[in-house]
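For reference, model.pdb is printed below; it contains PDB, C-alpha atoms.
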```
MODEL        1
ATOM      1  CA  MET A   1      42.343 -44.967  52.824
ATOM      2  CA  GLU A   2      45.720 -46.232  54.062
ATOM      3  CA  LEU A   3      48.188 -43.523  55.028
ATOM      4  CA  SER A   4      51.901 -43.625  55.467
ATOM      5  CA  GLU A   5      53.401 -43.465  58.950
ATOM      6  CA  GLN A   6      54.505 -39.903  58.280
ATOM      7  CA  GLU A   7      50.965 -38.780  57.374
ATOM      8  CA  LEU A   8      49.563 -40.631  60.387
ATOM      9  CA  GLU A   9      52.095 -38.923  62.623
ATOM     10  CA  LEU A  10      51.060 -35.535  61.226
ATOM     11  CA  ILE A  11      47.428 -36.228  62.206
ATOM     12  CA  ARG A  12      48.534 -37.244  65.709
ATOM     13  CA  GLN A  13      50.633 -34.116  66.050
ATOM     14  CA  GLU A  14      47.660 -32.007  64.875
ATOM     15  CA  ILE A  15      45.445 -33.607  67.537
ATOM     16  CA  ILE A  16      48.015 -32.904  70.263
ATOM     17  CA  ASN A  17      48.428 -29.284  69.141
ATOM     18  CA  ASN A  18      44.649 -28.771  69.137
ATOM     19  CA  ILE A  19      44.355 -30.292  72.622
ATOM     20  CA  LEU A  20      47.072 -27.960  73.928
ATOM     21  CA  GLN A  21      45.406 -24.933  72.334
ATOM     22  CA  VAL A  22      41.998 -25.850  73.763
ATOM     23  CA  THR A  23      43.563 -26.334  77.216
ATOM     24  CA  ALA A  24      45.283 -22.946  77.000
ATOM     25  CA  LEU A  25      42.022 -21.251  75.989
ATOM     26  CA  ILE A  26      40.174 -22.885  78.889
ATOM     27  CA  GLN A  27      42.777 -21.429  81.262
ATOM     28  CA  ASP A  28      42.376 -17.987  79.668
ATOM     29  CA  ILE A  29      38.596 -18.224  80.147
ATOM     30  CA  GLN A  30      39.034 -19.236  83.788
ATOM     31  CA  GLN A  31      41.269 -16.217  84.377
ATOM     32  CA  CYS A  32      39.038 -13.796  82.462
ATOM     33  CA  ALA A  33      37.715 -11.064  84.753
ATOM     34  CA  GLY A  34      35.833  -9.124  82.120
ATOM     35  CA  PRO A  35      34.510  -7.437  80.281
ATOM     36  CA  LYS A  36      31.914  -9.792  78.832
ATOM     37  CA  GLU A  37      32.969  -8.885  75.301
ATOM     38  CA  LEU A  38      36.390 -10.426  75.971
ATOM     39  CA  LEU A  39      34.742 -13.553  77.374
ATOM     40  CA  ASN A  40      32.572 -13.815  74.247
ATOM     41  CA  GLU A  41      35.663 -13.523  72.006
ATOM     42  CA  LEU A  42      37.412 -16.280  73.992
ATOM     43  CA  ASN A  43      34.272 -18.420  73.635
ATOM     44  CA  ILE A  44      34.224 -17.984  69.872
ATOM     45  CA  GLU A  45      37.900 -18.883  69.606
ATOM     46  CA  GLY A  46      37.437 -21.844  71.953
ATOM     47  CA  ARG A  47      34.520 -23.270  69.945
ATOM     48  CA  ALA A  48      36.603 -22.984  66.777
ATOM     49  CA  LYS A  49      39.532 -24.839  68.371
ATOM     50  CA  ILE A  50      37.224 -27.553  69.717
ATOM     51  CA  ALA A  51      35.769 -27.984  66.226
ATOM     52  CA  LEU A  52      39.302 -28.409  64.802
ATOM     53  CA  LEU A  53      40.103 -30.970  67.478
ATOM     54  CA  ARG A  54      36.936 -32.926  66.717
ATOM     55  CA  SER A  55      37.747 -32.849  62.996
ATOM     56  CA  SER A  56      41.287 -34.160  63.603
ATOM     57  CA  ILE A  57      39.976 -37.010  65.784
ATOM     58  CA  ASN A  58      37.426 -37.921  63.105
ATOM     59  CA  ARG A  59      40.213 -38.065  60.501
ATOM     60  CA  LEU A  60      42.140 -40.464  62.715
ATOM     61  CA  ALA A  61      38.961 -42.530  63.158
ATOM     62  CA  ASP A  62      38.552 -42.758  59.366
ATOM     63  CA  VAL A  63      42.132 -43.978  59.070
ATOM     64  CA  ALA A  64      41.504 -46.597  61.766
ATOM     65  CA  GLU A  65      38.349 -47.890  60.057
ATOM     66  CA  SER A  66      40.177 -48.273  56.737
ATOM     67  CA  GLU A  67      43.182 -50.070  58.230
ATOM     68  CA  ARG A  68      43.476 -53.631  56.946
ATOM     69  CA  LYS A  69      45.794 -54.994  59.606
ATOM     70  CA  GLU A  70      43.615 -56.029  62.522
ATOM     71  CA  LYS A  71      46.197 -55.388  65.239
ATOM     72  CA  LYS A  72      47.077 -51.921  64.028
ATOM     73  CA  LYS A  73      43.391 -51.169  63.511
ATOM     74  CA  MET A  74      42.628 -52.022  67.155
ATOM     75  CA  GLU A  75      45.514 -49.842  68.335
ATOM     76  CA  LEU A  76      44.256 -46.904  66.291
ATOM     77  CA  LEU A  77      40.689 -47.368  67.525
ATOM     78  CA  LEU A  78      41.914 -47.377  71.140
ATOM     79  CA  GLU A  79      43.854 -44.210  70.389
ATOM     80  CA  VAL A  80      40.757 -42.614  68.865
ATOM     81  CA  ASP A  81      38.687 -43.581  71.914
ATOM     82  CA  ASP A  82      41.302 -42.037  74.219
ATOM     83  CA  HIS A  83      41.289 -38.774  72.251
ATOM     84  CA  ARG A  84      37.495 -38.668  72.271
ATOM     85  CA  GLN A  85      37.540 -38.993  76.045
ATOM     86  CA  GLN A  86      39.977 -36.086  76.121
ATOM     87  CA  LEU A  87      37.585 -34.109  73.904
ATOM     88  CA  THR A  88      34.658 -34.865  76.239
ATOM     89  CA  ALA A  89      36.697 -33.727  79.237
ATOM     90  CA  ALA A  90      37.771 -30.578  77.399
ATOM     91  CA  LEU A  91      34.139 -29.736  76.568
ATOM     92  CA  ALA A  92      33.119 -30.160  80.203
ATOM     93  CA  ALA A  93      36.051 -27.988  81.372
ATOM     94  CA  PHE A  94      35.196 -25.399  78.701
ATOM     95  CA  ARG A  95      31.584 -25.105  79.889
ATOM     96  CA  LYS A  96      32.616 -25.007  83.560
ATOM     97  CA  ALA A  97      35.194 -22.283  82.909
ATOM     98  CA  ASN A  98      32.572 -20.199  81.109
ATOM     99  CA  VAL A  99      30.109 -20.515  83.977
ATOM    100  CA  ILE A 100      32.729 -19.560  86.547
ATOM    101  CA  SER A 101      34.001 -16.577  84.548
ATOM    102  CA  ALA A 102      30.476 -15.333  83.855
ATOM    103  CA  CYS A 103      29.646 -15.515  87.590
ATOM    104  CA  VAL A 104      32.867 -13.677  88.473
ATOM    105  CA  ILE A 105      32.151 -10.917  85.927
ATOM    106  CA  ASP A 106      28.577 -10.506  87.182
ATOM    107  CA  LYS A 107      29.760 -10.373  90.815
ATOM    108  CA  MET A 108      32.390  -7.772  89.981
ATOM    109  CA  ALA A 109      29.806  -5.660  88.169
ATOM    110  CA  LYS A 110      27.452  -5.824  91.180
ATOM    111  CA  ASP A 111      30.249  -4.970  93.601
ATOM    112  CA  GLU A 112      31.274  -2.050  91.419
ATOM    113  CA  LEU A 113      27.711  -0.788  91.319
ATOM    114  CA  LEU A 114      27.308  -1.101  95.091
ATOM    115  CA  SER A 115      30.639   0.582  95.757
ATOM    116  CA  VAL A 116      29.783   3.846  93.963
ATOM    117  CA  PRO A 117      28.140   6.693  95.890
ATOM    118  CA  GLU A 118      24.376   6.988  96.080
ATOM    119  CA  GLU A 119      24.325   9.936  93.685
ATOM    120  CA  ARG A 120      26.412   7.983  91.191
ATOM    121  CA  GLN A 121      24.047   5.018  91.495
ATOM    122  CA  HIS A 122      21.119   7.359  90.897
ATOM    123  CA  VAL A 123      22.829   8.708  87.771
ATOM    124  CA  LEU A 124      23.596   5.210  86.539
ATOM    125  CA  ARG A 125      20.019   4.085  87.149
ATOM    126  CA  LYS A 126      18.691   7.141  85.307
ATOM    127  CA  ARG A 127      21.063   6.419  82.450
ATOM    128  CA  ARG A 128      19.908   2.806  82.267
ATOM    129  CA  ASP A 129      16.281   3.915  82.448
ATOM    130  CA  LYS A 130      16.885   6.436  79.695
ATOM    131  CA  GLN A 131      18.578   3.805  77.544
ATOM    132  CA  GLY A 132      15.658   1.488  78.216
ATOM    133  CA  LEU A 133      13.172   4.166  77.193
ATOM    134  CA  VAL A 134      15.159   4.899  74.027
ATOM    135  CA  LYS A 135      15.257   1.208  73.197
ATOM    136  CA  ALA A 136      11.545   0.816  73.912
ATOM    137  CA  SER A 137      10.770   3.897  71.808
ATOM    138  CA  SER A 138      12.849   2.490  68.976
ATOM    139  CA  GLN A 139      10.997  -0.834  69.196
ATOM    140  CA  VAL A 140       7.626   0.969  69.180
ATOM    141  CA  THR A 141       8.725   3.003  66.158
ATOM    142  CA  ASP A 142       9.819  -0.139  64.340
ATOM    143  CA  THR A 143       6.481  -1.749  65.210
ATOM    144  CA  LEU A 144       4.579   1.265  63.876
ATOM    145  CA  PHE A 145       6.630   1.227  60.676
ATOM    146  CA  SER A 146       5.896  -2.474  60.301
ATOM    147  CA  ILE A 147       2.167  -1.893  60.850
ATOM    148  CA  SER A 148       2.243   0.972  58.331
ATOM    149  CA  ARG A 149       3.924  -1.249  55.740
ATOM    150  CA  ASN A 150       1.390  -4.009  56.361
ATOM    151  CA  LEU A 151      -1.477  -1.536  55.971
ATOM    152  CA  ALA A 152       0.021  -0.194  52.746
ATOM    153  CA  GLU A 153       0.377  -3.746  51.417
ATOM    154  CA  THR A 154      -3.218  -4.497  52.446
ATOM    155  CA  VAL A 155      -4.484  -1.367  50.691
ATOM    156  CA  GLN A 156      -2.517  -2.288  47.568
ATOM    157  CA  ARG A 157      -3.932  -5.807  47.610
ATOM    158  CA  SER A 158      -7.438  -4.376  48.046
ATOM    159  CA  ALA A 159      -6.862  -2.034  45.100
ATOM    160  CA  ASN A 160      -5.652  -4.950  42.982
ATOM    161  CA  THR A 161      -8.685  -6.981  44.035
ATOM    162  CA  LEU A 162     -10.983  -4.075  43.155
ATOM    163  CA  ASP A 163      -9.368  -3.776  39.725
ATOM    164  CA  THR A 164      -9.863  -7.497  39.226
ATOM    165  CA  LEU A 165     -13.525  -7.233  40.252
ATOM    166  CA  ILE A 166     -14.059  -4.290  37.892
ATOM    167  CA  THR A 167     -12.448  -6.229  35.048
ATOM    168  CA  SER A 168     -14.561  -9.292  35.870
ATOM    169  CA  SER A 169     -17.702  -7.107  36.025
ATOM    170  CA  ASP A 170     -16.918  -5.651  32.604
ATOM    171  CA  LYS A 171     -16.444  -9.153  31.231
ATOM    172  CA  VAL A 172     -19.735 -10.298  32.784
ATOM    173  CA  THR A 173     -21.529  -7.253  31.355
ATOM    174  CA  GLY A 174     -20.026  -7.916  27.928
ATOM    175  CA  THR A 175     -21.034 -11.561  28.120
ATOM    176  CA  LYS A 176     -24.566 -10.555  29.150
ATOM    177  CA  ASP A 177     -24.862  -8.155  26.185
ATOM    178  CA  GLU A 178     -23.557 -10.823  23.838
ATOM    179  CA  LEU A 179     -26.056 -13.360  25.182
ATOM    180  CA  GLU A 180     -28.929 -10.889  24.786
ATOM    181  CA  HIS A 181     -27.827 -10.236  21.211
ATOM    182  CA  GLN A 182     -27.666 -13.963  20.517
ATOM    183  CA  GLN A 183     -31.117 -14.337  22.097
ATOM    184  CA  GLN A 184     -32.495 -11.699  19.745
ATOM    185  CA  VAL A 185     -30.864 -13.432  16.782
ATOM    186  CA  ILE A 186     -32.346 -16.765  17.869
ATOM    187  CA  ALA A 187     -35.791 -15.179  18.268
ATOM    188  CA  GLN A 188     -35.585 -13.626  14.794
ATOM    189  CA  SER A 189     -34.396 -16.943  13.379
ATOM    190  CA  GLY A 190     -37.354 -18.673  15.033
ATOM    191  CA  LYS A 191     -39.761 -16.158  13.481
ATOM    192  CA  LEU A 192     -38.178 -16.666  10.065
ATOM    193  CA  LEU A 193     -38.361 -20.438  10.412
ATOM    194  CA  GLY A 194     -42.038 -20.193  11.419
ATOM    195  CA  LYS A 195     -42.699 -17.972   8.453
ATOM    196  CA  TYR A 196     -40.891 -20.360   6.107
ATOM    197  CA  GLY A 197     -42.834 -23.271   7.627
ATOM    198  CA  ARG A 198     -46.179 -21.611   7.003
ATOM    199  CA  ARG A 199     -45.114 -20.735   3.458
ATOM    200  CA  GLU A 200     -44.131 -24.355   2.855
ATOM    201  CA  VAL A 201     -47.581 -25.541   3.998
ATOM    202  CA  THR A 202     -49.226 -22.996   1.677
ATOM    203  CA  ASP A 203     -47.016 -24.091  -1.209
ATOM    204  CA  LYS A 204     -47.903 -27.732  -0.633
ATOM    205  CA  ALA A 205     -51.632 -26.893  -0.526
ATOM    206  CA  LEU A 206     -51.392 -24.916  -3.762
ATOM    207  CA  LEU A 207     -49.392 -27.718  -5.341
ATOM    208  CA  MET A 208     -52.028 -30.255  -4.342
ATOM    209  CA  LEU A 209     -54.819 -28.046  -5.674
ATOM    210  CA  ALA A 210     -52.958 -27.581  -8.965
ATOM    211  CA  PHE A 211     -52.372 -31.325  -9.206
ATOM    212  CA  ALA A 212     -56.069 -31.982  -8.508
ATOM    213  CA  PHE A 213     -57.054 -29.416 -11.144
ATOM    214  CA  PHE A 214     -54.634 -31.104 -13.578
ATOM    215  CA  LEU A 215     -56.191 -34.506 -12.903
ATOM    216  CA  ALA A 216     -59.691 -33.051 -13.355
ATOM    217  CA  CYS A 217     -58.653 -31.565 -16.691
ATOM    218  CA  VAL A 218     -57.141 -34.856 -17.820
ATOM    219  CA  PHE A 219     -60.218 -36.726 -16.729
ATOM    220  CA  TYR A 220     -62.471 -34.219 -18.514
ATOM    221  CA  ILE A 221     -60.471 -34.465 -21.762
ATOM    222  CA  LEU A 222     -60.463 -38.265 -21.666
ATOM    223  CA  GLN A 223     -64.202 -38.314 -21.034
ATOM    224  CA  LYS A 224     -64.882 -36.063 -24.018
ATOM    225  CA  ARG A 225     -62.753 -38.169 -26.382
ATOM    226  CA  LEU A 226     -63.949 -41.519 -25.189
ATOM    227  CA  PHE A 227     -67.596 -40.753 -24.918
TER     228      PHE A 227
ENDMDL
END
```
Rewrite the coordinates I just gave you, this time as structure tokens.
Amino acid sequence: MELSEQELELIRQEIINNILQVTALIQDIQQCAGPKELLNELNIEGRAKIALLRSSINRLADVAESERKEKKKMELLLEVDDHRQQLTAALAAFRKANVISACVIDKMAKDELLSVPEERQHVLRKRRDKQGLVKASSQVTDTLFSISRNLAETVQRSANTLDTLITSSDKVTGTKDELEHQQQVIAQSGKLLGKYGRREVTDKALLMLAFAFFLACVFYILQKRLF
């Protein structure tokens, strides 16, 4: 994407403004003497400004990569490299300032604690111990609540499993009864088939006897007429 000189100048001005703001914040962090909440707020603001600076440099890098004129492209890339070095230096200064300020705040807190009378130190220690006990009690309570919830969920799952087993048992019992009924039906059918089979054999025997009797009668009649 090729930009006009005016748009390119706006990006450069944005980078310079972000660098100045980051530098000013680093100085504020270096001069911060507490409390830690203020240092944390300066850190949050500093990280946001550094992110804006990085974004502006990346925009300039995109412009440099899309530039068609080789000479101007090289100039822009050198400019981007210079700004990235400034960003690296700013990050190092930002971390160093944080470390120094944190050490200063901790030292001041220790000096303040050591400077108070013995009775005051005893009161402060008791207060910290009490706060620690309250915090520990709260954590134990939360743990107990969590265990209670887990037990309730386990009991509910067990109840659901029991209901499922009862339902499955009822189905198995119903299937067993149905199979026994079908077995009885099959046994009765087998008896009926055996009975029908025996009747069929009897019918065939009677039929054969009747046919033999018929042939004997025919033979007897023919013998009387012929002889």
- Message: One number please: CA of Arg59 (chain A) to CA of Ala90 (chain A), in Å, one decimal.
- Response: 18.6 Å
- Between A:Leu20, A:Leu78, A:Val99, A:Gln85, which one has atoms that come closest to Leu39 (chain A), using only C-alpha atoms?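 The closest residue to Leu39 (chain A) is A:Val99.
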- Can you work out which one of A:Lys191, A:Arg225, A:Lys171, A:Lys49 has the shortest atom-to-atom distance to Leu87 (chain A), counting only C-alpha atoms?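 Among A:Lys191, A:Arg225, A:Lys171, A:Lys49, it is A:Lys49 that comes nearest to Leu87 (chain A).
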- Task: Work out how far CA of Ala61 (chain A) is from CA of Gln27 (chain A), in Å to one decimal.
- Result: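 If I compute the distance from CA of Gln27 (chain A) to CA of Ala61 (chain A), I get 28.1 Å.
With only C-alpha atoms as the atoms that count, the minimum distance from Leu60 (chain A) to the choices A:Glu14, A:Phe214, A:Asn40, A:Arg149 is reached by A:Glu14.
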List as a compact mmCIF listing (two decimals) with C-alpha atoms, in the coordinates of the input the protein and nucleic acid residues near Ile57 (chain A), meaning an atom at most 10 Å away when all atoms listed in the file are counted, but skip any in the same chain fewer than 4 places from it.
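Dumped everything to part.txt:
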```txt
# COMPACT_ATOMS: atom_id res chain seq x y z
CA ILE A 11 47.43 -36.23 62.21
CA ARG A 12 48.53 -37.24 65.71
CA GLU A 14 47.66 -32.01 64.88
CA ILE A 15 45.44 -33.61 67.54
CA ALA A 51 35.77 -27.98 66.23
CA LEU A 52 39.30 -28.41 64.80
CA LEU A 53 40.10 -30.97 67.48
CA ALA A 61 38.96 -42.53 63.16
CA ASP A 62 38.55 -42.76 59.37
CA VAL A 63 42.13 -43.98 59.07
CA GLU A 79 43.85 -44.21 70.39
CA VAL A 80 40.76 -42.61 68.86
CA ASP A 81 38.69 -43.58 71.91
CA ASP A 82 41.30 -42.04 74.22
CA HIS A 83 41.29 -38.77 72.25
CA ARG A 84 37.49 -38.67 72.27
CA LEU A 87 37.58 -34.11 73.90
```
- Item | CA of Ile29 (chain A) to CA of Asn43 (chain A), straight-line distance in Å |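 A separation of 7.8 Å between them.
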- Residue with smallest distance to Val104 (chain A) - pool A:Asn150, A:Gln156, A:Gln30, A:Ser138, counting all atoms listed in the file: A:Gln30
- Item | Residues in the PyMOL selection byres ((chain A and resi 91) around 12), expressed as number ranges by chain | A: 19, 22-23, 25-26, 43, 46-47, 49-51, 53-54, 84-90, 92-98
